[in-house]
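*Asks:* Next comes upload_3.cif, mmCIF, C-alpha atoms:
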data_model
loop_
_atom_site.label_atom_id
_atom_site.label_comp_id
_atom_site.auth_asym_id
_atom_site.auth_seq_id
_atom_site.Cartn_x
_atom_site.Cartn_y
_atom_site.Cartn_z
CA MET A 1 -11.97 29.59 21.44
CA GLU A 2 -14.80 30.11 18.96
CA ARG A 3 -14.96 27.44 16.29
CA VAL A 4 -14.70 28.30 12.61
CA LYS A 5 -18.09 28.73 10.94
CA VAL A 6 -18.42 26.51 7.87
CA ARG A 7 -21.23 26.13 5.31
CA LEU A 8 -21.64 23.37 2.68
CA VAL A 9 -23.24 24.33 -0.64
CA MET A 10 -23.41 21.99 -3.64
CA GLU A 11 -25.90 19.97 -5.67
CA GLU A 12 -27.90 17.50 -3.63
CA ARG A 13 -27.60 14.53 -6.00
CA ARG A 14 -23.87 13.91 -5.53
CA ARG A 15 -23.51 15.37 -2.05
CA PRO A 16 -23.72 12.01 -0.17
CA ASP A 17 -20.94 10.59 -2.36
CA VAL A 18 -18.61 13.56 -1.96
CA TYR A 19 -19.34 14.20 1.72
CA PRO A 20 -20.34 10.82 3.22
CA ALA A 21 -21.17 10.46 6.89
CA GLU A 22 -17.59 9.73 7.96
CA VAL A 23 -16.25 12.85 6.23
CA LEU A 24 -19.00 15.01 7.72
CA ALA A 25 -18.17 13.60 11.16
CA ASP A 26 -14.54 14.66 10.71
CA ILE A 27 -15.63 18.17 9.67
CA ASP A 28 -17.99 18.41 12.66
CA ARG A 29 -15.07 17.47 14.91
CA ILE A 30 -12.93 20.42 13.81
CA ALA A 31 -15.44 23.13 12.85
CA ASP A 32 -18.96 24.44 13.28
CA LEU A 33 -20.65 23.01 10.15
CA ALA A 34 -24.01 24.70 9.59
CA ARG A 35 -27.18 22.76 8.84
CA PRO A 36 -29.13 22.29 6.71
CA PHE A 37 -26.80 21.89 3.76
CA LEU A 38 -27.83 24.01 0.78
CA THR A 39 -27.85 23.92 -3.00
CA ALA A 40 -26.81 27.00 -4.95
CA GLN A 41 -30.45 27.82 -5.63
CA GLU A 42 -31.39 27.48 -1.97
CA LEU A 43 -28.48 29.75 -1.08
CA ALA A 44 -29.73 32.35 -3.58
CA ASP A 45 -33.13 32.23 -1.86
CA GLN A 46 -31.57 32.75 1.58
CA PRO A 47 -29.49 35.94 1.34
CA ASP A 48 -28.38 35.80 4.99
CA ALA A 49 -27.21 32.17 4.96
CA LEU A 50 -23.56 33.17 4.61
CA ARG A 51 -23.62 36.09 7.01
CA ASP A 52 -21.38 34.32 9.57
CA THR A 53 -19.65 31.86 7.23
CA GLU A 54 -15.85 31.92 7.24
CA VAL A 55 -15.20 28.86 5.08
CA LEU A 56 -17.40 27.67 2.22
CA LEU A 57 -17.26 23.99 1.28
CA THR A 58 -18.47 23.19 -2.23
CA GLY A 59 -18.56 20.53 -4.93
CA TRP A 60 -20.47 20.04 -8.15
CA GLY A 61 -23.18 22.65 -8.49
CA ALA A 62 -21.24 25.20 -6.44
CA PRO A 63 -22.33 28.85 -6.38
CA VAL A 64 -20.26 31.44 -8.23
CA ILE A 65 -18.05 33.38 -5.82
CA ASP A 66 -18.78 36.82 -7.27
CA ALA A 67 -19.20 40.30 -5.82
CA ALA A 68 -22.88 39.73 -5.03
CA LEU A 69 -22.16 36.59 -3.01
CA LEU A 70 -19.21 38.18 -1.24
CA GLU A 71 -21.36 41.12 -0.19
CA ARG A 72 -23.62 38.63 1.58
CA ALA A 73 -20.62 36.82 3.10
CA PRO A 74 -18.56 39.53 4.85
CA ARG A 75 -16.51 37.01 6.88
CA LEU A 76 -15.76 34.56 4.07
CA ARG A 77 -12.03 33.86 3.81
CA ALA A 78 -11.77 30.48 2.08
CA VAL A 79 -13.54 28.32 -0.50
CA LEU A 80 -12.67 24.61 -0.47
CA HIS A 81 -13.98 22.93 -3.63
CA ALA A 82 -14.48 19.14 -3.62
CA ALA A 83 -14.39 18.76 -7.40
CA GLY A 84 -12.01 19.65 -10.23
CA SER A 85 -11.43 23.03 -11.80
CA VAL A 86 -12.52 26.15 -9.92
CA LYS A 87 -12.34 28.27 -13.09
CA HIS A 88 -16.12 28.45 -13.41
CA ILE A 89 -16.81 29.52 -9.81
CA VAL A 90 -13.98 31.86 -8.76
CA THR A 91 -14.17 35.43 -10.04
CA ASP A 92 -11.88 38.46 -9.88
CA ALA A 93 -13.90 39.68 -6.91
CA ALA A 94 -12.88 36.61 -4.90
CA TRP A 95 -9.19 37.06 -5.70
CA GLU A 96 -9.38 40.77 -4.86
CA ARG A 97 -10.96 39.93 -1.50
CA GLY A 98 -8.01 37.59 -0.85
CA VAL A 99 -10.19 34.51 -0.53
CA VAL A 100 -8.13 31.32 -0.22
CA VAL A 101 -9.14 28.74 -2.83
CA VAL A 102 -8.56 24.99 -2.65
CA SER A 103 -9.42 22.44 -5.33
CA ALA A 104 -9.68 18.66 -4.94
CA ALA A 105 -8.60 18.20 -8.55
CA SER A 106 -5.71 15.97 -7.49
CA ALA A 107 -8.12 13.51 -5.85
CA ASN A 108 -10.23 13.52 -9.00
CA ALA A 109 -7.12 12.99 -11.12
CA GLU A 110 -6.36 9.55 -9.71
CA PRO A 111 -9.35 7.65 -11.18
CA VAL A 112 -8.90 9.48 -14.49
CA ALA A 113 -5.26 8.41 -14.63
CA ALA A 114 -6.14 4.84 -13.69
CA MET A 115 -8.74 4.47 -16.43
CA THR A 116 -6.59 6.22 -19.03
CA ALA A 117 -3.50 4.12 -18.33
CA ALA A 118 -5.63 0.98 -18.63
CA GLN A 119 -7.05 2.18 -21.95
CA ILE A 120 -3.56 2.99 -23.24
CA LEU A 121 -2.24 -0.47 -22.46
CA LEU A 122 -5.28 -2.14 -24.02
CA ALA A 123 -4.90 0.01 -27.12
CA ALA A 124 -1.17 -0.71 -27.31
CA ARG A 125 -2.02 -4.41 -27.30
CA GLY A 126 -4.51 -3.92 -30.13
CA VAL A 127 -7.46 -5.06 -28.04
CA GLN A 128 -10.06 -2.70 -29.53
CA ALA A 129 -9.03 -3.44 -33.12
CA SER A 130 -9.01 -7.19 -32.50
CA ARG A 131 -12.47 -6.93 -30.99
CA ARG A 132 -13.80 -5.43 -34.21
CA VAL A 133 -12.16 -8.11 -36.34
CA TYR A 134 -13.39 -10.85 -33.98
CA LEU A 135 -16.95 -9.56 -34.28
CA ALA A 136 -16.72 -9.54 -38.06
CA GLU A 137 -14.97 -12.92 -38.53
CA ARG A 138 -16.17 -14.90 -35.49
CA SER A 139 -12.81 -16.67 -35.52
CA LEU A 140 -9.87 -16.83 -33.12
CA ALA A 141 -7.74 -15.88 -36.10
CA ALA A 142 -8.74 -12.31 -35.18
CA SER A 143 -6.00 -12.48 -32.54
CA ARG A 144 -3.54 -11.67 -35.33
CA VAL A 145 -4.55 -8.01 -34.91
CA ALA A 146 -3.42 -7.93 -31.28
CA SER A 147 0.16 -7.54 -30.10
CA GLY A 148 2.22 -6.95 -27.00
CA ALA A 149 2.49 -3.44 -25.58
CA ARG A 150 6.27 -3.55 -25.14
CA GLY A 151 7.97 -1.22 -27.59
CA SER A 152 4.78 0.67 -28.43
CA VAL A 153 5.03 4.46 -28.51
CA VAL A 154 2.61 6.38 -26.30
CA GLY A 155 2.14 10.12 -26.79
CA LEU A 156 0.81 12.24 -23.92
CA VAL A 157 -0.55 15.64 -24.88
CA ALA A 158 0.24 17.70 -21.73
CA LEU A 159 1.97 16.71 -18.51
CA GLY A 160 -0.35 18.33 -16.01
CA GLU A 161 -1.75 16.63 -12.93
CA ILE A 162 -3.31 13.75 -14.87
CA GLY A 163 -0.71 13.44 -17.61
CA ARG A 164 2.02 13.02 -15.00
CA ARG A 165 0.05 10.37 -13.16
CA VAL A 166 -0.56 8.46 -16.38
CA ALA A 167 3.15 8.55 -17.16
CA GLU A 168 3.95 7.26 -13.67
CA ARG A 169 1.55 4.35 -14.13
CA LEU A 170 3.06 3.44 -17.50
CA ARG A 171 6.65 3.30 -16.25
CA GLY A 172 7.90 -0.27 -16.25
CA THR A 173 5.38 -1.49 -18.84
CA GLY A 174 7.88 -1.41 -21.68
CA VAL A 175 6.24 1.39 -23.66
CA ARG A 176 8.18 4.38 -24.92
CA MET A 177 6.61 7.66 -23.81
CA LEU A 178 6.58 10.96 -25.67
CA ALA A 179 4.96 14.16 -24.46
CA ALA A 180 4.07 17.52 -25.97
CA ASP A 181 3.76 20.27 -23.38
CA PRO A 182 5.21 23.78 -23.77
CA PHE A 183 5.19 24.26 -19.98
CA ALA A 184 6.87 20.99 -18.99
CA SER A 185 10.52 21.18 -17.94
CA ALA A 186 13.22 18.83 -19.11
CA ASP A 187 13.75 17.78 -15.49
CA THR A 188 10.08 16.82 -15.07
CA ALA A 189 10.14 14.84 -18.32
CA ALA A 190 13.34 13.05 -17.36
CA GLU A 191 11.94 12.16 -13.94
CA LEU A 192 8.88 10.62 -15.60
CA GLY A 193 10.86 8.81 -18.27
CA VAL A 194 9.22 10.89 -21.00
CA GLU A 195 10.76 12.47 -24.10
CA LEU A 196 9.50 15.98 -24.91
CA VAL A 197 8.72 16.46 -28.61
CA PRO A 198 6.68 18.87 -30.75
CA LEU A 199 3.00 18.04 -31.07
CA GLU A 200 3.31 17.21 -34.77
CA GLU A 201 6.09 14.71 -34.08
CA LEU A 202 4.09 13.15 -31.26
CA PHE A 203 1.14 12.45 -33.59
CA SER A 204 3.42 11.11 -36.34
CA ASP A 205 5.30 8.71 -34.06
CA SER A 206 2.77 7.50 -31.48
CA ASP A 207 0.84 4.25 -31.63
CA VAL A 208 -1.42 5.63 -28.90
CA VAL A 209 -2.13 9.33 -28.30
CA SER A 210 -3.80 10.37 -25.03
CA LEU A 211 -5.09 13.91 -24.47
CA HIS A 212 -4.61 15.64 -21.11
CA ALA A 213 -4.53 19.33 -22.04
CA PRO A 214 -6.79 21.94 -20.40
CA LEU A 215 -9.56 23.47 -22.50
CA LEU A 216 -8.54 27.07 -23.20
CA PRO A 217 -9.21 29.39 -26.15
CA SER A 218 -5.76 28.41 -27.41
CA THR A 219 -6.43 24.67 -27.17
CA THR A 220 -10.02 24.51 -28.42
CA GLY A 221 -10.08 22.41 -31.58
CA MET A 222 -6.29 21.99 -31.49
CA ILE A 223 -6.53 18.35 -32.57
CA GLY A 224 -7.60 18.79 -36.19
CA ALA A 225 -7.33 17.05 -39.54
CA VAL A 226 -3.61 17.75 -40.07
CA LEU A 227 -2.60 16.09 -36.80
CA LEU A 228 -5.09 13.23 -37.14
CA GLU A 229 -3.86 12.40 -40.63
CA ARG A 230 -0.32 12.12 -39.22
CA MET A 231 -1.29 9.18 -36.99
CA PRO A 232 0.42 5.91 -37.93
CA GLN A 233 -1.41 2.86 -39.26
CA ASP A 234 -3.62 1.24 -36.58
CA ALA A 235 -3.03 4.06 -34.07
CA THR A 236 -5.46 4.96 -31.28
CA LEU A 237 -6.60 8.37 -29.99
CA ILE A 238 -7.83 8.54 -26.38
CA ASN A 239 -9.62 11.54 -24.90
CA THR A 240 -10.46 11.62 -21.19
CA ALA A 241 -9.77 15.37 -20.95
CA ARG A 242 -12.20 17.73 -22.70
CA GLY A 243 -14.20 17.10 -25.85
CA GLY A 244 -13.55 20.60 -27.15
CA LEU A 245 -9.86 19.82 -27.65
CA ILE A 246 -10.78 17.90 -30.81
CA ASP A 247 -12.18 19.32 -34.04
CA GLU A 248 -15.00 16.78 -34.16
CA PRO A 249 -16.03 17.24 -37.81
CA ALA A 250 -12.39 16.66 -38.76
CA LEU A 251 -12.21 13.61 -36.49
CA ILE A 252 -15.35 12.14 -38.04
CA ASP A 253 -14.02 12.75 -41.54
CA VAL A 254 -10.65 11.14 -40.85
CA LEU A 255 -12.09 8.15 -39.00
CA SER A 256 -14.65 7.60 -41.74
CA ARG A 257 -11.83 7.30 -44.28
CA ARG A 258 -9.31 5.52 -42.09
CA GLY A 259 -10.86 2.44 -40.59
CA ASP A 260 -7.47 1.44 -39.19
CA LEU A 261 -7.61 4.22 -36.60
CA THR A 262 -9.47 3.91 -33.31
CA ALA A 263 -10.88 6.70 -31.10
CA LEU A 264 -11.77 6.07 -27.45
CA LEU A 265 -13.78 9.09 -26.37
CA ASP A 266 -14.92 9.51 -22.77
CA VAL A 267 -15.69 13.17 -23.53
CA THR A 268 -17.14 14.88 -26.59
CA ALA A 269 -17.76 18.47 -27.64
CA THR A 270 -21.45 18.05 -26.81
CA GLU A 271 -22.35 15.56 -24.11
CA PRO A 272 -23.93 13.34 -25.15
CA PRO A 273 -23.32 13.77 -28.89
CA ALA A 274 -26.42 14.62 -30.93
CA SER A 275 -28.54 11.55 -31.65
CA ASP A 276 -27.67 11.78 -35.34
CA SER A 277 -23.92 12.27 -34.78
CA PRO A 278 -21.80 9.87 -36.87
CA LEU A 279 -19.78 9.19 -33.71
CA TRP A 280 -22.50 6.76 -32.63
CA ALA A 281 -22.30 4.78 -35.86
CA LEU A 282 -18.58 4.65 -36.62
CA GLU A 283 -17.24 1.18 -35.86
CA ASN A 284 -13.82 2.51 -34.93
CA VAL A 285 -15.19 4.87 -32.24
CA GLU A 286 -15.92 3.76 -28.68
CA LEU A 287 -17.93 6.23 -26.60
CA THR A 288 -18.21 6.21 -22.82
CA PRO A 289 -20.43 8.64 -20.86
CA HIS A 290 -17.78 10.75 -19.10
CA VAL A 291 -16.94 8.06 -16.55
CA ALA A 292 -13.16 8.54 -16.23
CA GLY A 293 -13.48 10.94 -13.29
CA SER A 294 -14.53 10.14 -9.75
CA MET A 295 -17.66 8.01 -9.68
CA GLY A 296 -19.72 6.79 -6.74
CA ALA A 297 -17.64 5.93 -3.69
CA ASP A 298 -14.47 7.32 -5.34
CA ARG A 299 -15.89 10.81 -4.84
CA ALA A 300 -15.40 10.58 -1.08
CA GLY A 301 -11.70 11.10 -1.70
CA MET A 302 -12.43 14.67 -2.76
CA GLY A 303 -14.48 15.36 0.34
CA GLN A 304 -11.73 13.92 2.53
CA LEU A 305 -9.14 16.12 0.81
CA VAL A 306 -11.28 19.17 1.55
CA CYS A 307 -11.68 18.08 5.17
CA ASP A 308 -7.92 17.65 5.54
CA GLU A 309 -7.29 21.08 4.01
CA LEU A 310 -9.90 22.62 6.32
CA GLU A 311 -8.03 21.25 9.31
CA ARG A 312 -4.75 22.68 8.04
CA LEU A 313 -6.42 26.04 7.44
CA ILE A 314 -7.85 26.13 10.96
CA GLU A 315 -4.51 25.16 12.51
CA GLY A 316 -2.59 27.69 10.41
CA ARG A 317 -0.53 25.03 8.61
CA PRO A 318 0.45 25.32 4.92
CA LEU A 319 -2.21 24.10 2.51
CA ARG A 320 -1.31 21.35 0.05
CA HIS A 321 -3.90 22.03 -2.64
CA GLU A 322 -4.30 25.81 -2.74
CA ILE A 323 -4.99 27.31 -6.18
CA THR A 324 -3.51 30.71 -6.95
CA ARG A 325 -4.86 33.24 -9.40
CA GLU A 326 -1.74 32.93 -11.55
CA ALA A 327 -1.79 29.14 -11.65
CA LEU A 328 -5.48 29.09 -12.55
CA ALA A 329 -4.94 31.49 -15.46
CA ARG A 330 -2.11 29.33 -16.71
CA THR A 331 -3.66 25.88 -16.49
CA ALA A 332 -7.39 25.82 -15.82
#
Could I get this structure in the form of structure tokens?

*Replies:*
Amino acid sequence: MERVKVRLVMEERRRPDVYPAEVLADIDRIADLARPFLTAQELADQPDALRDTEVLLTGWGAPVIDAALLERAPRLRAVLHAAGSVKHIVTDAAWERGVVVVSAASANAEPVAAMTAAQILLAARGVQASRRVYLAERSLAASRVASGARGSVVGLVALGEIGRRVAERLRGTGVRMLAADPFASADTAAELGVELVPLEELFSDSDVVSLHAPLLPSTTGMIGAVLLERMPQDATLINTARGGLIDEPALIDVLSRRGDLTALLDVTATEPPASDSPLWALENVELTPHVAGSMGADRAGMGQLVCDELERLIEGRPLRHEITREALARTA
């Protein structure tokens, strides 16, 4: 039987991390993986490269699956994306063709959840605030700012893939968990040990607020001055989701006036923030360069997920990480 024709197209820089030798060997075992591997630009320069391709494997730097690409790929029936959201690469033309779409977002979610849960527990213990006092006083008396996490209230904004994983990691730590998510069911919340509340109540009651909402027109800038001002004394805001969720001028204004608050920002509206952004100078802001997601060797988990899904596709078994048009419109 003829083997399925597969082509890998993504940026060269992160390709060895996402598709290391052992993952490529597994793909070669089950399919006819074309060489050389291409970038999106190289694909654009080779209009016949997808002529026989049935399954397209991608990652960061993937080509857009639009009508022009599909015209050059008459046999294409599936796109398996070894990264997060496929919103930016899948078009109406792909859905209308009936192309099967898979995302490795769940593999990318695990390191995000791990880092976020760690940050939440550190914040609940007052570690960041005590660090600032320690630096200023140079005395062990700064430990007075720290506390135990047990009994702290943690607010999760959205219970999607990552929010759920964070909640699972926090179970058993003694924190009380709230969540604001209009799509979450009472059963899901109960299973996670989370209490569903309105967003305003979450900000008013939480010692630590962690953002996990998707960036949509309806969520852009949703975290503004009114919500930020509701945060209790010494509360912490954590964002490992999307920088655009926060109204940054409002955040800067509130943090400038309320030195008791702390913001841990792994993402910002512009990455990196402008060199003259006050975010760099505010003592109660800690910036990290978008490192919560899969980094280095962790990225191989996404390539392995794609390989596993490719095998299921070839064998006609149900896929575990297929993305539908309806689900993408609702959450991506």

*Asks:* Would you write out, as an MDAnalysis selection string, every residue that the PyMOL selection byres ((chain A and resi 174) around 7) captures in this file?

*Replies:* chainID A and resid 149:151 172:173 175:176

*Asks:* Skipping near chain neighbours, those fewer than 5 positions away, what residues fall within 9 Å of stretch 242-246 of chain A using all atoms listed in the file, listed as a list in words?

*Replies:*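 That gives Leu211, His212, Ala213, Pro214, Leu215, Leu216, Thr219, Thr220, Gly221, Met222, Ile223, Gly224, Leu251, Leu265, Asp266, Val267, Thr268, Ala269, Thr270 and Glu271 of chain A.
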
*Asks:* Output the residue selection produced by the PyMOL selection byres ((chain A and resi 68-79) around 7) on the file above, formatted as number ranges by chain.

*Replies:* A: 47-48, 50-57, 65-67, 80-81, 99-102

*Asks:* Evaluate the PyMOL selection byres ((chain A and resi 21-30) around 9) here and jot the selected residues down as a list in words.

*Replies:*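 For this structure, the PyMOL selection byres ((chain A and resi 21-30) around 9) captures Arg3, Val4, Val6, Pro16, Val18, Tyr19, Pro20, Ala31, Asp32, Leu33, Ala300, Gly303, Gln304, Cys307, Asp308, Leu310, Glu311 and Ile314 of chain A.
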
*Asks:* In terms of the shortest atom-to-atom distance over only C-alpha atoms, which of A:Pro318, A:Ile162, A:Glu201, A:Arg13 is closest to A:Val112?

*Replies:*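 Of the candidates, the smallest distance to A:Val112 is held by A:Ile162.
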
*Asks:* Extract, using all atoms listed in the file, all DNA, RNA and protein residues at most 9 Å from A:Ala235, discarding same-chain residues fewer than 5 positions from it, and format them as a PDB file with C-alpha atoms, keeping the file's coordinate frame.

*Replies:*
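Generated file (result-v4.pdb):
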ATOM      1  CA  ALA A 123      -4.900   0.010 -27.120  1.00  0.00           C
ATOM      2  CA  ALA A 124      -1.170  -0.710 -27.310  1.00  0.00           C
ATOM      3  CA  SER A 206       2.770   7.500 -31.480  1.00  0.00           C
ATOM      4  CA  ASP A 207       0.840   4.250 -31.630  1.00  0.00           C
ATOM      5  CA  VAL A 208      -1.420   5.630 -28.900  1.00  0.00           C
ATOM      6  CA  VAL A 209      -2.130   9.330 -28.300  1.00  0.00           C
ATOM      7  CA  ASP A 260      -7.470   1.440 -39.190  1.00  0.00           C
ATOM      8  CA  LEU A 261      -7.610   4.220 -36.600  1.00  0.00           C
ATOM      9  CA  THR A 262      -9.470   3.910 -33.310  1.00  0.00           C
ATOM     10  CA  ALA A 263     -10.880   6.700 -31.100  1.00  0.00           C
TER      11      ALA A 263
END

*Asks:* Taking only C-alpha atoms into account, name the residue in A:Ala190, A:Leu328, A:Val9, A:Ser218 that is nearest to A:Thr91.

*Replies:*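 Nearest candidate to A:Thr91 out of A:Ala190, A:Leu328, A:Val9, A:Ser218: A:Leu328.
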
*Asks:* From the list A:Leu140, A:Gly160, A:Val127, A:Gly293, which residue is nearest A:Asp234 when using all atoms listed in the file?

*Replies:*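 Under the stated criterion, the closest residue is A:Val127.
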
*Asks:* What does the distance from atom CA of A:Gly259 to atom CA of A:Ala241 come to in Å, to one decimal?

*Replies:* 23.5 Å

*Asks:* Using atom CA of A:Arg165 and atom CA of A:Ala117 as the two end points, give the distance in Å to one decimal.

*Replies:*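 Computing the Euclidean distance for atom CA of A:Arg165 and atom CA of A:Ala117 yields 8.9 Å.
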
*Asks:* Using only C-alpha atoms, which of the listed residues (A:Glu286, A:Glu12, A:Glu110, A:Glu195) sits closest to A:Thr236?

*Replies:*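 Under the stated criterion, the closest residue is A:Glu286.
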
*Asks:* Please provide as a ChimeraX atom specification all residues within 9 Å of A:Pro198, with the sequence filter that same-chain residues fewer than 3 positions apart are discarded (counting only C-alpha atoms).

*Replies:* /A:179-182,201-203

*Asks:* Have a look at A:Ser139, A:Gln41, A:Thr58, A:Thr324 and name the one nearest to A:Ile89; count only C-alpha atoms.

*Replies:* A:Thr58

*Asks:* Rounded to one decimal in Å, what is the spacing between atom CA of A:Ala136 and atom CA of A:Val285?

*Replies:* 15.6 Å

*Asks:* What would stretch 147-166 of chain A look like with N, CA, C and O atoms restored, written as a JSON list (two decimals), in the coordinates of the input?

*Replies:*
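The new file part_23.json reads:
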[["chain", "number", "residue", "atom", "x", "y", "z"],
["A", 147, "SER", "N", -1.29, -7.46, -30.25],
["A", 147, "SER", "CA", 0.16, -7.54, -30.10],
["A", 147, "SER", "C", 0.51, -7.24, -28.65],
["A", 147, "SER", "O", -0.35, -6.90, -27.84],
["A", 148, "GLY", "N", 1.78, -7.34, -28.33],
["A", 148, "GLY", "CA", 2.22, -6.95, -27.00],
["A", 148, "GLY", "C", 2.42, -5.44, -26.93],
["A", 148, "GLY", "O", 2.63, -4.77, -27.96],
["A", 149, "ALA", "N", 2.34, -4.89, -25.75],
["A", 149, "ALA", "CA", 2.49, -3.44, -25.58],
["A", 149, "ALA", "C", 3.95, -3.01, -25.59],
["A", 149, "ALA", "O", 4.26, -1.85, -25.92],
["A", 150, "ARG", "N", 4.85, -3.91, -25.25],
["A", 150, "ARG", "CA", 6.27, -3.55, -25.14],
["A", 150, "ARG", "C", 6.79, -3.01, -26.47],
["A", 150, "ARG", "O", 6.58, -3.60, -27.52],
["A", 151, "GLY", "N", 7.43, -1.86, -26.39],
["A", 151, "GLY", "CA", 7.97, -1.22, -27.59],
["A", 151, "GLY", "C", 7.01, -0.27, -28.26],
["A", 151, "GLY", "O", 7.42, 0.48, -29.16],
["A", 152, "SER", "N", 5.74, -0.28, -27.86],
["A", 152, "SER", "CA", 4.78, 0.67, -28.43],
["A", 152, "SER", "C", 5.12, 2.08, -27.98],
["A", 152, "SER", "O", 5.68, 2.30, -26.90],
["A", 153, "VAL", "N", 4.77, 3.06, -28.82],
["A", 153, "VAL", "CA", 5.03, 4.46, -28.51],
["A", 153, "VAL", "C", 3.75, 5.12, -28.05],
["A", 153, "VAL", "O", 2.73, 5.07, -28.76],
["A", 154, "VAL", "N", 3.78, 5.71, -26.88],
["A", 154, "VAL", "CA", 2.61, 6.38, -26.30],
["A", 154, "VAL", "C", 2.89, 7.87, -26.23],
["A", 154, "VAL", "O", 3.92, 8.29, -25.67],
["A", 155, "GLY", "N", 2.00, 8.67, -26.80],
["A", 155, "GLY", "CA", 2.14, 10.12, -26.79],
["A", 155, "GLY", "C", 1.16, 10.77, -25.85],
["A", 155, "GLY", "O", -0.05, 10.55, -25.96],
["A", 156, "LEU", "N", 1.65, 11.54, -24.89],
["A", 156, "LEU", "CA", 0.81, 12.24, -23.92],
["A", 156, "LEU", "C", 0.78, 13.72, -24.28],
["A", 156, "LEU", "O", 1.83, 14.37, -24.31],
["A", 157, "VAL", "N", -0.41, 14.22, -24.55],
["A", 157, "VAL", "CA", -0.55, 15.64, -24.88],
["A", 157, "VAL", "C", -0.82, 16.38, -23.57],
["A", 157, "VAL", "O", -1.94, 16.40, -23.08],
["A", 158, "ALA", "N", 0.22, 16.93, -22.98],
["A", 158, "ALA", "CA", 0.24, 17.70, -21.73],
["A", 158, "ALA", "C", 0.65, 16.81, -20.56],
["A", 158, "ALA", "O", 0.22, 15.66, -20.44],
["A", 159, "LEU", "N", 1.48, 17.38, -19.71],
["A", 159, "LEU", "CA", 1.97, 16.71, -18.51],
["A", 159, "LEU", "C", 1.51, 17.47, -17.27],
["A", 159, "LEU", "O", 2.31, 17.79, -16.39],
["A", 160, "GLY", "N", 0.22, 17.73, -17.21],
["A", 160, "GLY", "CA", -0.35, 18.33, -16.01],
["A", 160, "GLY", "C", -0.57, 17.27, -14.95],
["A", 160, "GLY", "O", 0.06, 16.20, -14.97],
["A", 161, "GLU", "N", -1.49, 17.54, -14.04],
["A", 161, "GLU", "CA", -1.75, 16.63, -12.93],
["A", 161, "GLU", "C", -2.03, 15.21, -13.42],
["A", 161, "GLU", "O", -1.47, 14.23, -12.93],
["A", 162, "ILE", "N", -2.92, 15.08, -14.40],
["A", 162, "ILE", "CA", -3.31, 13.75, -14.87],
["A", 162, "ILE", "C", -2.26, 13.16, -15.79],
["A", 162, "ILE", "O", -1.93, 11.97, -15.68],
["A", 163, "GLY", "N", -1.73, 13.95, -16.71],
["A", 163, "GLY", "CA", -0.71, 13.44, -17.61],
["A", 163, "GLY", "C", 0.47, 12.86, -16.87],
["A", 163, "GLY", "O", 1.01, 11.80, -17.23],
["A", 164, "ARG", "N", 0.91, 13.54, -15.81],
["A", 164, "ARG", "CA", 2.02, 13.02, -15.00],
["A", 164, "ARG", "C", 1.67, 11.70, -14.35],
["A", 164, "ARG", "O", 2.49, 10.77, -14.31],
["A", 165, "ARG", "N", 0.45, 11.61, -13.83],
["A", 165, "ARG", "CA", 0.05, 10.37, -13.16],
["A", 165, "ARG", "C", -0.04, 9.21, -14.14],
["A", 165, "ARG", "O", 0.27, 8.06, -13.80],
["A", 166, "VAL", "N", -0.51, 9.51, -15.35],
["A", 166, "VAL", "CA", -0.56, 8.46, -16.38],
["A", 166, "VAL", "C", 0.84, 7.98, -16.69],
["A", 166, "VAL", "O", 1.10, 6.77, -16.77]]
